[in-house]
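First the structure, in the form of structure tokens, and then the observations on it.
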Amino acid sequence: MRLALGVSRSSSLVTDPRRYTIVASTSTAIPSGRPTTVMIGKRWREYQGGNNWDGLLDPLDDALRSEILRYGEFARVAYTCFDFDHSSPTYGACRFPKRSLLRHAGIPDTGYCVTRNLTATSGARLPRWAEPGAPAWFSRCTSWIGYVAECQDEDEIERLGRRDIVISFRGTATCLEWLENLRATLTHLPSVPVPAALGSDAAEPMVERGFWSLFTSSSSTSCSLRDQIRQEIRRLIVKYGGRGNPLSITVTGHSLGAALAVLTAHDITTAFQDAPMVTVVSFGGPRVGNASFRRRLEESGIKVLRIVNTQDVITKVPGFVVEDQSVAEDMENGSIPSWLLSKTGWVYADIGRELRLPGQPTANVVACHDLSVYLNLVNQLSANCPLRSLAIRAAASQKQR
């Protein structure tokens, strides 16, 4: 096995305490396997981001690594259970019964039980000229997109130090979901006042139009994804809130699912004053909102661990980030007027604490974005591997140049 070590030129081991880059690429793929579970216990808030994962990312703490892989498996299940067969009468639905969903998906011993299936409805529609000849699956509006599961096993609750609720989402699968992805301009969140302390010129919280549409659209046969989640979280808070073990909510997803995870976390803390701690563990997620939306997430106490393969272009779209050095330089030299940026509706912000996991550079964009690649990269890292000292030396060497 050939191991390549290094730190990317944009590595924030030196400059940005919110980002950590450790390169671990191999010429031979390493199967991720099942993550080893370790005792979390009373430290659960720390591992859920209570201290923004300070001291756990560099090197990657073994217990956190195990938890990241565990939530990655929950995200993988959302793909495994989806019916991708266009010729099937159940295309777009979940392939397995709710009670046996996790068992059929290959993780029978998690201690969790699925309590609700989730569907998302697209607000986008095919162009009129495309509708007459399009097959039925092409214009499917509502599809299964994930699930809610709660930890019911007493041994697992003891190991985790609390009763955990998982909300998991898959990535883009249907034609109309792809159309929603392309609706990449920002849109205002409804009824979100800007604090007076920020001034009248402060930007309002905004999110990507297509993601918001998938999260809030409904049909004649299905309520919106947002309402489904609210109903289930309300039921679980009433059932467990204030009794027995502490309660946590962990939202996970890959690609489009990562974006929906961020919107879900925001909505839970907005809709429920008594919401438990909410954490997002996302894989390969695109940008979701602007800097004001990021600030609102931080003020609400939501913790976001954004796991990024730096070779993955999806994590760098949509729009652009003014805080990026290249964009900031263009603004300073006048090549991109600041007033023009504010009018485009394309100024986003990266949200959350990033764990960067660059793999071997490749022209295969799809492979860089694959969830299994993410889990393999995470699986290669441990607190005992020699990556940290080598990465720090490489960063110091680059800084001196």
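Following the order of the structure tokens, chains are lettered A, B, ..., residues in each are numbered from 1, and ligands are numbered from 1.
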**Test item: residues at most 7 Å from region 133-146 of chain A, only C-alpha atoms, excluding those fewer than 6 positions along its chain, as a PyMOL selection string** = chain A and resi 78+82+86+92-94+117-122+126+168-170+175-176
Residues from the last selection, N, CA and C atoms, saved as a JSON list (two decimals), in the first residue's frame:
[["chain", "number", "residue", "atom", "x", "y", "z"],
["A", 78, "ALA", "N", -30.08, 5.33, 3.68],
["A", 78, "ALA", "CA", -31.07, 6.11, 2.93],
["A", 78, "ALA", "C", -30.94, 5.88, 1.42],
["A", 82, "PHE", "N", -33.76, 3.09, -1.09],
["A", 82, "PHE", "CA", -34.51, 3.78, -2.14],
["A", 82, "PHE", "C", -34.61, 2.90, -3.38],
["A", 86, "HIS", "N", -36.47, 2.48, -12.52],
["A", 86, "HIS", "CA", -37.50, 3.25, -13.22],
["A", 86, "HIS", "C", -38.66, 2.38, -13.70],
["A", 92, "GLY", "N", -39.09, 5.21, -6.56],
["A", 92, "GLY", "CA", -39.18, 6.41, -5.75],
["A", 92, "GLY", "C", -39.66, 6.17, -4.33],
["A", 93, "ALA", "N", -40.01, 4.92, -4.01],
["A", 93, "ALA", "CA", -40.48, 4.59, -2.66],
["A", 93, "ALA", "C", -39.38, 3.87, -1.88],
["A", 94, "CYS", "N", -39.65, 3.59, -0.62],
["A", 94, "CYS", "CA", -38.72, 2.80, 0.19],
["A", 94, "CYS", "C", -38.95, 1.32, -0.10],
["A", 117, "ASN", "N", -41.01, 7.12, 8.11],
["A", 117, "ASN", "CA", -40.45, 7.35, 6.79],
["A", 117, "ASN", "C", -40.72, 8.80, 6.38],
["A", 118, "LEU", "N", -39.81, 9.35, 5.59],
["A", 118, "LEU", "CA", -39.92, 10.74, 5.17],
["A", 118, "LEU", "C", -39.94, 10.84, 3.65],
["A", 119, "THR", "N", -40.79, 11.70, 3.14],
["A", 119, "THR", "CA", -40.85, 11.96, 1.70],
["A", 119, "THR", "C", -40.62, 13.45, 1.45],
["A", 120, "ALA", "N", -40.11, 13.76, 0.27],
["A", 120, "ALA", "CA", -39.92, 15.16, -0.12],
["A", 120, "ALA", "C", -40.64, 15.39, -1.45],
["A", 121, "THR", "N", -41.22, 16.56, -1.57],
["A", 121, "THR", "CA", -41.97, 16.94, -2.78],
["A", 121, "THR", "C", -41.26, 18.09, -3.47],
["A", 122, "SER", "N", -41.08, 17.97, -4.74],
["A", 122, "SER", "CA", -40.42, 19.02, -5.51],
["A", 122, "SER", "C", -41.42, 20.09, -5.92],
["A", 126, "LEU", "N", -41.43, 20.07, -14.85],
["A", 126, "LEU", "CA", -40.82, 19.98, -16.16],
["A", 126, "LEU", "C", -41.34, 21.10, -17.06],
["A", 168, "SER", "N", -32.10, 10.93, 8.88],
["A", 168, "SER", "CA", -31.14, 10.65, 7.82],
["A", 168, "SER", "C", -31.76, 10.89, 6.44],
["A", 169, "PHE", "N", -30.96, 11.49, 5.55],
["A", 169, "PHE", "CA", -31.42, 11.80, 4.20],
["A", 169, "PHE", "C", -30.45, 11.27, 3.16],
["A", 170, "ARG", "N", -30.99, 10.82, 2.03],
["A", 170, "ARG", "CA", -30.17, 10.45, 0.88],
["A", 170, "ARG", "C", -29.89, 11.69, 0.03],
["A", 175, "CYS", "N", -35.41, 13.11, -11.23],
["A", 175, "CYS", "CA", -35.23, 14.17, -12.22],
["A", 175, "CYS", "C", -35.57, 15.54, -11.63],
["A", 176, "LEU", "N", -36.71, 15.63, -10.96],
["A", 176, "LEU", "CA", -37.14, 16.92, -10.43],
["A", 176, "LEU", "C", -36.25, 17.39, -9.28]]
Pull the closest atom pair for each residue of region 186-259 of chain A that gets at most 8 Å from region 293-305 of chain A, along with the distance in Å to one decimal, counting only C-alpha atoms, ordering rows by chain and then ascending residue number, as a Markdown table.
| residue | atom | partner | partner_atom | distance |
| --- | --- | --- | --- | --- |
| A:Glu204 | CA | A:Phe293 | CA | 7.6 |
| A:Pro205 | CA | A:Phe293 | CA | 4.3 |
| A:Met206 | CA | A:Phe293 | CA | 6.0 |
| A:Val207 | CA | A:Phe293 | CA | 7.2 |
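With distances restricted to only C-alpha atoms, A:Ser248 is the closest residue to Gln48 (chain A) from A:Arg356, A:Asp274, A:Ser248, A:Thr174.
When CA of Pro190 (chain A) is paired with CA of Phe211 (chain A), their separation reads 14.4 Å.
The coordinates place CA of Trp346 (chain A) at 12.4 Å from CA of Lys316 (chain A).
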**Prompt:** CA of Gln360 (chain A) and CA of Tyr348 (chain A) are how many Å apart?
**Reply:** 27.3 Å
Non-local contacts of Ala259 (chain A) (12 Å; only C-alpha atoms; under 2 positions in same chain excluded) as an mmCIF file with N, CA and C atoms, in the first residue's frame:
data_model
loop_
_atom_site.group_PDB
_atom_site.id
_atom_site.type_symbol
_atom_site.label_atom_id
_atom_site.label_comp_id
_atom_site.auth_asym_id
_atom_site.auth_seq_id
_atom_site.Cartn_x
_atom_site.Cartn_y
_atom_site.Cartn_z
ATOM 1 N N SER A 168 -32.099 10.928 8.883
ATOM 2 C CA SER A 168 -31.142 10.651 7.819
ATOM 3 C C SER A 168 -31.759 10.895 6.445
ATOM 4 N N PHE A 169 -30.955 11.489 5.547
ATOM 5 C CA PHE A 169 -31.421 11.804 4.199
ATOM 6 C C PHE A 169 -30.446 11.269 3.155
ATOM 7 N N ARG A 170 -30.994 10.821 2.033
ATOM 8 C CA ARG A 170 -30.175 10.451 0.877
ATOM 9 C C ARG A 170 -29.890 11.690 0.034
ATOM 10 N N GLY A 171 -29.059 11.487 -1.000
ATOM 11 C CA GLY A 171 -28.775 12.563 -1.945
ATOM 12 C C GLY A 171 -29.749 12.556 -3.113
ATOM 13 N N THR A 172 -29.447 13.330 -4.137
ATOM 14 C CA THR A 172 -30.318 13.510 -5.287
ATOM 15 C C THR A 172 -30.524 12.199 -6.043
ATOM 16 N N ASN A 181 -31.909 21.269 -7.639
ATOM 17 C CA ASN A 181 -30.500 21.590 -7.376
ATOM 18 C C ASN A 181 -30.024 22.759 -8.213
ATOM 19 N N VAL A 207 -31.415 31.161 2.043
ATOM 20 C CA VAL A 207 -30.983 29.797 1.747
ATOM 21 C C VAL A 207 -31.206 29.500 0.265
ATOM 22 N N GLU A 208 -30.581 28.418 -0.203
ATOM 23 C CA GLU A 208 -30.707 28.051 -1.608
ATOM 24 C C GLU A 208 -32.160 27.733 -1.962
ATOM 25 N N ARG A 209 -32.625 28.313 -3.051
ATOM 26 C CA ARG A 209 -34.039 28.243 -3.415
ATOM 27 C C ARG A 209 -34.517 26.800 -3.636
ATOM 28 N N GLY A 210 -33.730 26.003 -4.346
ATOM 29 C CA GLY A 210 -34.152 24.640 -4.644
ATOM 30 C C GLY A 210 -34.223 23.761 -3.404
ATOM 31 N N PHE A 211 -33.225 23.873 -2.509
ATOM 32 C CA PHE A 211 -33.243 23.091 -1.277
ATOM 33 C C PHE A 211 -34.463 23.453 -0.424
ATOM 34 N N TRP A 212 -34.732 24.755 -0.337
ATOM 35 C CA TRP A 212 -35.870 25.221 0.446
ATOM 36 C C TRP A 212 -37.180 24.713 -0.144
ATOM 37 N N SER A 213 -37.260 24.676 -1.472
ATOM 38 C CA SER A 213 -38.458 24.174 -2.136
ATOM 39 C C SER A 213 -38.700 22.707 -1.785
ATOM 40 N N LEU A 214 -37.660 21.884 -1.854
ATOM 41 C CA LEU A 214 -37.810 20.469 -1.503
ATOM 42 C C LEU A 214 -38.197 20.289 -0.042
ATOM 43 N N PHE A 215 -37.722 21.172 0.800
ATOM 44 C CA PHE A 215 -37.988 21.063 2.237
ATOM 45 C C PHE A 215 -39.412 21.487 2.595
ATOM 46 N N VAL A 251 -28.785 14.902 12.920
ATOM 47 C CA VAL A 251 -29.280 14.905 11.550
ATOM 48 C C VAL A 251 -28.093 14.655 10.629
ATOM 49 N N THR A 252 -28.226 13.659 9.758
ATOM 50 C CA THR A 252 -27.129 13.306 8.883
ATOM 51 C C THR A 252 -27.623 13.139 7.452
ATOM 52 N N GLY A 253 -26.709 13.272 6.516
ATOM 53 C CA GLY A 253 -27.073 13.116 5.115
ATOM 54 C C GLY A 253 -25.871 13.343 4.230
ATOM 55 N N HIS A 254 -26.020 12.947 2.983
ATOM 56 C CA HIS A 254 -24.947 13.086 1.996
ATOM 57 C C HIS A 254 -25.456 13.898 0.819
ATOM 58 N N SER A 255 -24.628 14.829 0.328
ATOM 59 C CA SER A 255 -24.946 15.614 -0.854
ATOM 60 C C SER A 255 -26.210 16.453 -0.626
ATOM 61 N N LEU A 256 -27.236 16.288 -1.432
ATOM 62 C CA LEU A 256 -28.507 16.978 -1.186
ATOM 63 C C LEU A 256 -28.992 16.701 0.232
ATOM 64 N N GLY A 257 -28.816 15.476 0.703
ATOM 65 C CA GLY A 257 -29.228 15.129 2.061
ATOM 66 C C GLY A 257 -28.509 15.935 3.115
ATOM 67 N N ALA A 261 -30.245 18.324 5.810
ATOM 68 C CA ALA A 261 -29.938 18.146 7.225
ATOM 69 C C ALA A 261 -29.756 19.491 7.919
ATOM 70 N N VAL A 262 -29.088 20.425 7.253
ATOM 71 C CA VAL A 262 -28.884 21.756 7.827
ATOM 72 C C VAL A 262 -30.214 22.493 7.969
ATOM 73 N N LEU A 263 -31.058 22.425 6.930
ATOM 74 C CA LEU A 263 -32.371 23.074 7.000
ATOM 75 C C LEU A 263 -33.228 22.445 8.085
ATOM 76 N N THR A 264 -33.129 21.140 8.255
ATOM 77 C CA THR A 264 -33.900 20.441 9.282
ATOM 78 C C THR A 264 -33.480 20.886 10.675
ATOM 79 N N ALA A 265 -32.178 20.955 10.905
ATOM 80 C CA ALA A 265 -31.681 21.382 12.212
ATOM 81 C C ALA A 265 -32.155 22.792 12.538
ATOM 82 N N HIS A 266 -32.083 23.679 11.561
ATOM 83 C CA HIS A 266 -32.552 25.052 11.771
ATOM 84 C C HIS A 266 -34.036 25.081 12.110
ATOM 85 N N VAL A 280 -25.599 18.326 13.428
ATOM 86 C CA VAL A 280 -25.586 17.877 12.042
ATOM 87 C C VAL A 280 -24.237 17.231 11.754
ATOM 88 N N VAL A 281 -24.262 16.026 11.198
ATOM 89 C CA VAL A 281 -23.056 15.365 10.700
ATOM 90 C C VAL A 281 -23.282 15.156 9.209
ATOM 91 N N SER A 282 -22.638 15.981 8.389
ATOM 92 C CA SER A 282 -22.931 15.957 6.953
ATOM 93 C C SER A 282 -21.725 15.491 6.156
ATOM 94 N N PHE A 283 -22.013 14.851 5.022
ATOM 95 C CA PHE A 283 -20.986 14.315 4.138
ATOM 96 C C PHE A 283 -21.162 14.887 2.735
ATOM 97 N N GLY A 284 -20.118 15.543 2.225
ATOM 98 C CA GLY A 284 -20.165 16.031 0.851
ATOM 99 C C GLY A 284 -21.283 17.008 0.597
ATOM 100 N N GLY A 285 -21.557 17.887 1.533
ATOM 101 C CA GLY A 285 -22.686 18.791 1.396
ATOM 102 C C GLY A 285 -22.358 20.048 0.608
ATOM 103 N N PRO A 286 -23.274 20.495 -0.249
ATOM 104 C CA PRO A 286 -23.112 21.780 -0.933
ATOM 105 C C PRO A 286 -23.368 22.922 0.038
ATOM 106 N N ARG A 287 -23.114 24.119 -0.413
ATOM 107 C CA ARG A 287 -23.433 25.291 0.411
ATOM 108 C C ARG A 287 -24.949 25.448 0.497
ATOM 109 N N VAL A 288 -25.407 26.004 1.603
ATOM 110 C CA VAL A 288 -26.848 26.048 1.874
ATOM 111 C C VAL A 288 -27.379 27.468 1.973
ATOM 112 N N GLY A 289 -26.653 28.367 2.626
ATOM 113 C CA GLY A 289 -27.192 29.702 2.863
ATOM 114 C C GLY A 289 -26.108 30.750 2.962
ATOM 115 N N VAL A 304 -22.668 21.914 13.691
ATOM 116 C CA VAL A 304 -22.561 21.305 12.364
ATOM 117 C C VAL A 304 -21.135 20.828 12.153
ATOM 118 N N ARG A 306 -19.105 19.414 9.253
ATOM 119 C CA ARG A 306 -19.182 19.297 7.794
ATOM 120 C C ARG A 306 -17.954 18.545 7.286
ATOM 121 N N ILE A 314 -18.643 19.331 -5.431
ATOM 122 C CA ILE A 314 -19.979 19.626 -4.910
ATOM 123 C C ILE A 314 -19.913 20.458 -3.639
ATOM 124 N N THR A 315 -18.859 20.297 -2.859
ATOM 125 C CA THR A 315 -18.731 21.054 -1.609
ATOM 126 C C THR A 315 -18.342 22.509 -1.855
ATOM 127 N N VAL A 317 -19.883 24.413 -4.279
ATOM 128 C CA VAL A 317 -20.992 25.063 -4.978
ATOM 129 C C VAL A 317 -22.219 24.987 -4.065
ATOM 130 N N PRO A 318 -23.282 25.766 -4.335
ATOM 131 C CA PRO A 318 -23.395 26.775 -5.391
ATOM 132 C C PRO A 318 -22.766 28.102 -4.978
ATOM 133 N N ASP A 350 -19.809 29.182 3.953
ATOM 134 C CA ASP A 350 -19.592 27.813 4.411
ATOM 135 C C ASP A 350 -20.034 27.713 5.861
ATOM 136 N N ILE A 351 -20.778 26.666 6.166
ATOM 137 C CA ILE A 351 -21.421 26.545 7.480
ATOM 138 C C ILE A 351 -20.817 25.394 8.263
ATOM 139 N N GLY A 352 -20.510 25.648 9.526
ATOM 140 C CA GLY A 352 -20.102 24.584 10.423
ATOM 141 C C GLY A 352 -18.598 24.412 10.539
#
**Asked** Which polymer residues have any atom within 10 Å of an atom of Glu158 (chain A), counting only C-alpha atoms, with same-chain residues fewer than 3 positions away left out, as a count of residues only?
**Response** 11
**Request:** Compare A:Pro97, A:Pro276, A:Gly72, A:Pro108 by their minimum atom-to-atom distance to Arg45 (chain A), counting only C-alpha atoms, and give me the closest one.
**Result:** A:Pro276
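The residues of region 76-149 of chain A that DSSP classifies as strand (DSSP E), using the backbone of this structure, are A:Tyr112, A:Cys113, A:Val114, A:Thr115, A:Arg116, A:Asn117, A:Leu118, A:Thr119, A:Ala120, A:Thr121, A:Thr142, A:Ser143, A:Trp144, A:Ile145, A:Gly146, A:Tyr147, A:Val148, A:Ala149.
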Write out, as a CSV table (one decimal), in the first residue's frame, the residues just selected, with all heavy atoms.
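Everything below was put into result-v7.csv:
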chain,number,residue,atom,x,y,z
A,112,TYR,N,-31.2,1.0,17.2
A,112,TYR,CA,-32.2,2.0,16.7
A,112,TYR,C,-33.3,1.3,16.1
A,112,TYR,O,-33.2,0.3,15.5
A,112,TYR,CB,-31.5,3.0,15.8
A,112,TYR,CG,-30.6,4.0,16.4
A,112,TYR,CD1,-29.3,3.6,16.8
A,112,TYR,CD2,-30.9,5.4,16.5
A,112,TYR,CE1,-28.4,4.5,17.4
A,112,TYR,CE2,-30.0,6.3,17.0
A,112,TYR,CZ,-28.8,5.9,17.4
A,112,TYR,OH,-27.9,6.8,18.0
A,113,CYS,N,-34.5,2.0,16.1
A,113,CYS,CA,-35.7,1.6,15.4
A,113,CYS,C,-36.3,2.7,14.6
A,113,CYS,O,-36.4,3.8,15.1
A,113,CYS,CB,-36.7,1.1,16.4
A,113,CYS,SG,-38.2,0.5,15.7
A,114,VAL,N,-36.6,2.5,13.3
A,114,VAL,CA,-37.2,3.5,12.5
A,114,VAL,C,-38.6,3.8,12.9
A,114,VAL,O,-39.4,2.9,13.1
A,114,VAL,CB,-37.1,3.1,11.0
A,114,VAL,CG1,-37.9,4.1,10.1
A,114,VAL,CG2,-35.7,2.9,10.5
A,115,THR,N,-38.9,5.1,13.2
A,115,THR,CA,-40.2,5.4,13.6
A,115,THR,C,-41.0,6.1,12.6
A,115,THR,O,-42.3,6.2,12.7
A,115,THR,CB,-40.1,6.4,14.9
A,115,THR,OG1,-39.4,7.6,14.5
A,115,THR,CG2,-39.3,5.7,16.0
A,116,ARG,N,-40.4,6.7,11.5
A,116,ARG,CA,-41.2,7.3,10.5
A,116,ARG,C,-40.3,7.4,9.2
A,116,ARG,O,-39.2,7.7,9.2
A,116,ARG,CB,-41.6,8.8,10.9
A,116,ARG,CG,-42.3,9.5,9.8
A,116,ARG,CD,-43.2,10.6,10.4
A,116,ARG,NE,-44.1,11.2,9.3
A,116,ARG,CZ,-45.1,11.9,9.5
A,116,ARG,NH1,-45.4,12.2,10.8
A,116,ARG,NH2,-45.8,12.4,8.6
A,117,ASN,N,-41.0,7.1,8.1
A,117,ASN,CA,-40.5,7.3,6.8
A,117,ASN,C,-40.7,8.8,6.4
A,117,ASN,O,-41.7,9.4,6.8
A,117,ASN,CB,-41.1,6.4,5.8
A,117,ASN,CG,-40.5,5.0,5.9
A,117,ASN,OD1,-39.3,4.8,5.9
A,117,ASN,ND2,-41.4,4.0,6.0
A,118,LEU,N,-39.8,9.4,5.6
A,118,LEU,CA,-39.9,10.7,5.2
A,118,LEU,C,-39.9,10.8,3.6
A,118,LEU,O,-39.2,10.1,3.0
A,118,LEU,CB,-38.7,11.6,5.7
A,118,LEU,CG,-38.6,11.6,7.2
A,118,LEU,CD1,-37.3,12.3,7.6
A,118,LEU,CD2,-39.7,12.3,7.9
A,119,THR,N,-40.8,11.7,3.1
A,119,THR,CA,-40.8,12.0,1.7
A,119,THR,C,-40.6,13.4,1.5
A,119,THR,O,-40.9,14.3,2.3
A,119,THR,CB,-42.2,11.6,1.1
A,119,THR,OG1,-43.3,12.3,1.7
A,119,THR,CG2,-42.4,10.1,1.3
A,120,ALA,N,-40.1,13.8,0.3
A,120,ALA,CA,-39.9,15.2,-0.1
A,120,ALA,C,-40.6,15.4,-1.4
A,120,ALA,O,-40.6,14.5,-2.3
A,120,ALA,CB,-38.4,15.5,-0.3
A,121,THR,N,-41.2,16.6,-1.6
A,121,THR,CA,-42.0,16.9,-2.8
A,121,THR,C,-41.3,18.1,-3.5
A,121,THR,O,-40.9,19.1,-2.8
A,121,THR,CB,-43.4,17.3,-2.4
A,121,THR,OG1,-44.1,16.2,-1.8
A,121,THR,CG2,-44.2,17.8,-3.7
A,142,THR,N,-43.1,13.5,-5.7
A,142,THR,CA,-42.9,13.1,-4.3
A,142,THR,C,-42.2,11.8,-4.3
A,142,THR,O,-42.6,10.8,-4.9
A,142,THR,CB,-44.2,13.1,-3.6
A,142,THR,OG1,-44.9,14.3,-3.6
A,142,THR,CG2,-44.0,12.7,-2.1
A,143,SER,N,-41.1,11.7,-3.5
A,143,SER,CA,-40.3,10.5,-3.4
A,143,SER,C,-39.8,10.3,-1.9
A,143,SER,O,-39.7,11.3,-1.2
A,143,SER,CB,-39.1,10.5,-4.3
A,143,SER,OG,-39.5,10.6,-5.6
A,144,TRP,N,-39.6,9.1,-1.6
A,144,TRP,CA,-39.0,8.7,-0.3
A,144,TRP,C,-37.6,9.3,-0.2
A,144,TRP,O,-36.8,9.1,-1.1
A,144,TRP,CB,-39.0,7.2,-0.1
A,144,TRP,CG,-38.5,6.8,1.3
A,144,TRP,CD1,-39.3,6.6,2.4
A,144,TRP,CD2,-37.2,6.4,1.6
A,144,TRP,NE1,-38.5,6.2,3.4
A,144,TRP,CE2,-37.2,6.0,3.0
A,144,TRP,CE3,-36.0,6.3,0.9
A,144,TRP,CZ2,-36.1,5.5,3.7
A,144,TRP,CZ3,-34.9,5.8,1.6
A,144,TRP,CH2,-34.9,5.5,3.0
A,145,ILE,N,-37.3,10.0,0.9
A,145,ILE,CA,-36.0,10.6,0.9
A,145,ILE,C,-35.2,10.3,2.2
A,145,ILE,O,-34.0,10.7,2.3
A,145,ILE,CB,-36.1,12.2,0.8
A,145,ILE,CG1,-34.8,12.8,0.3
A,145,ILE,CG2,-36.6,12.8,2.1
A,145,ILE,CD1,-34.9,14.2,-0.2
A,146,GLY,N,-35.8,9.7,3.2
A,146,GLY,CA,-35.1,9.3,4.4
A,146,GLY,C,-36.0,8.8,5.5
A,146,GLY,O,-37.1,8.4,5.2
A,147,TYR,N,-35.5,8.9,6.7
A,147,TYR,CA,-36.3,8.4,7.8
A,147,TYR,C,-35.9,9.0,9.1
A,147,TYR,O,-34.8,9.6,9.2
A,147,TYR,CB,-36.0,6.8,7.9
A,147,TYR,CG,-34.6,6.5,8.0
A,147,TYR,CD1,-34.0,6.2,9.3
A,147,TYR,CD2,-33.7,6.3,6.9
A,147,TYR,CE1,-32.7,5.9,9.4
A,147,TYR,CE2,-32.4,6.0,7.1
A,147,TYR,CZ,-31.9,5.8,8.3
A,147,TYR,OH,-30.6,5.5,8.5
A,148,VAL,N,-36.7,8.8,10.1
A,148,VAL,CA,-36.4,9.1,11.5
A,148,VAL,C,-36.3,7.8,12.3
A,148,VAL,O,-37.1,6.9,12.1
A,148,VAL,CB,-37.5,10.0,12.1
A,148,VAL,CG1,-37.1,10.4,13.6
A,148,VAL,CG2,-37.7,11.2,11.3
A,149,ALA,N,-35.2,7.7,13.1
A,149,ALA,CA,-35.0,6.5,14.0
A,149,ALA,C,-34.6,7.0,15.4
A,149,ALA,O,-34.0,8.0,15.5
A,149,ALA,CB,-33.9,5.6,13.4
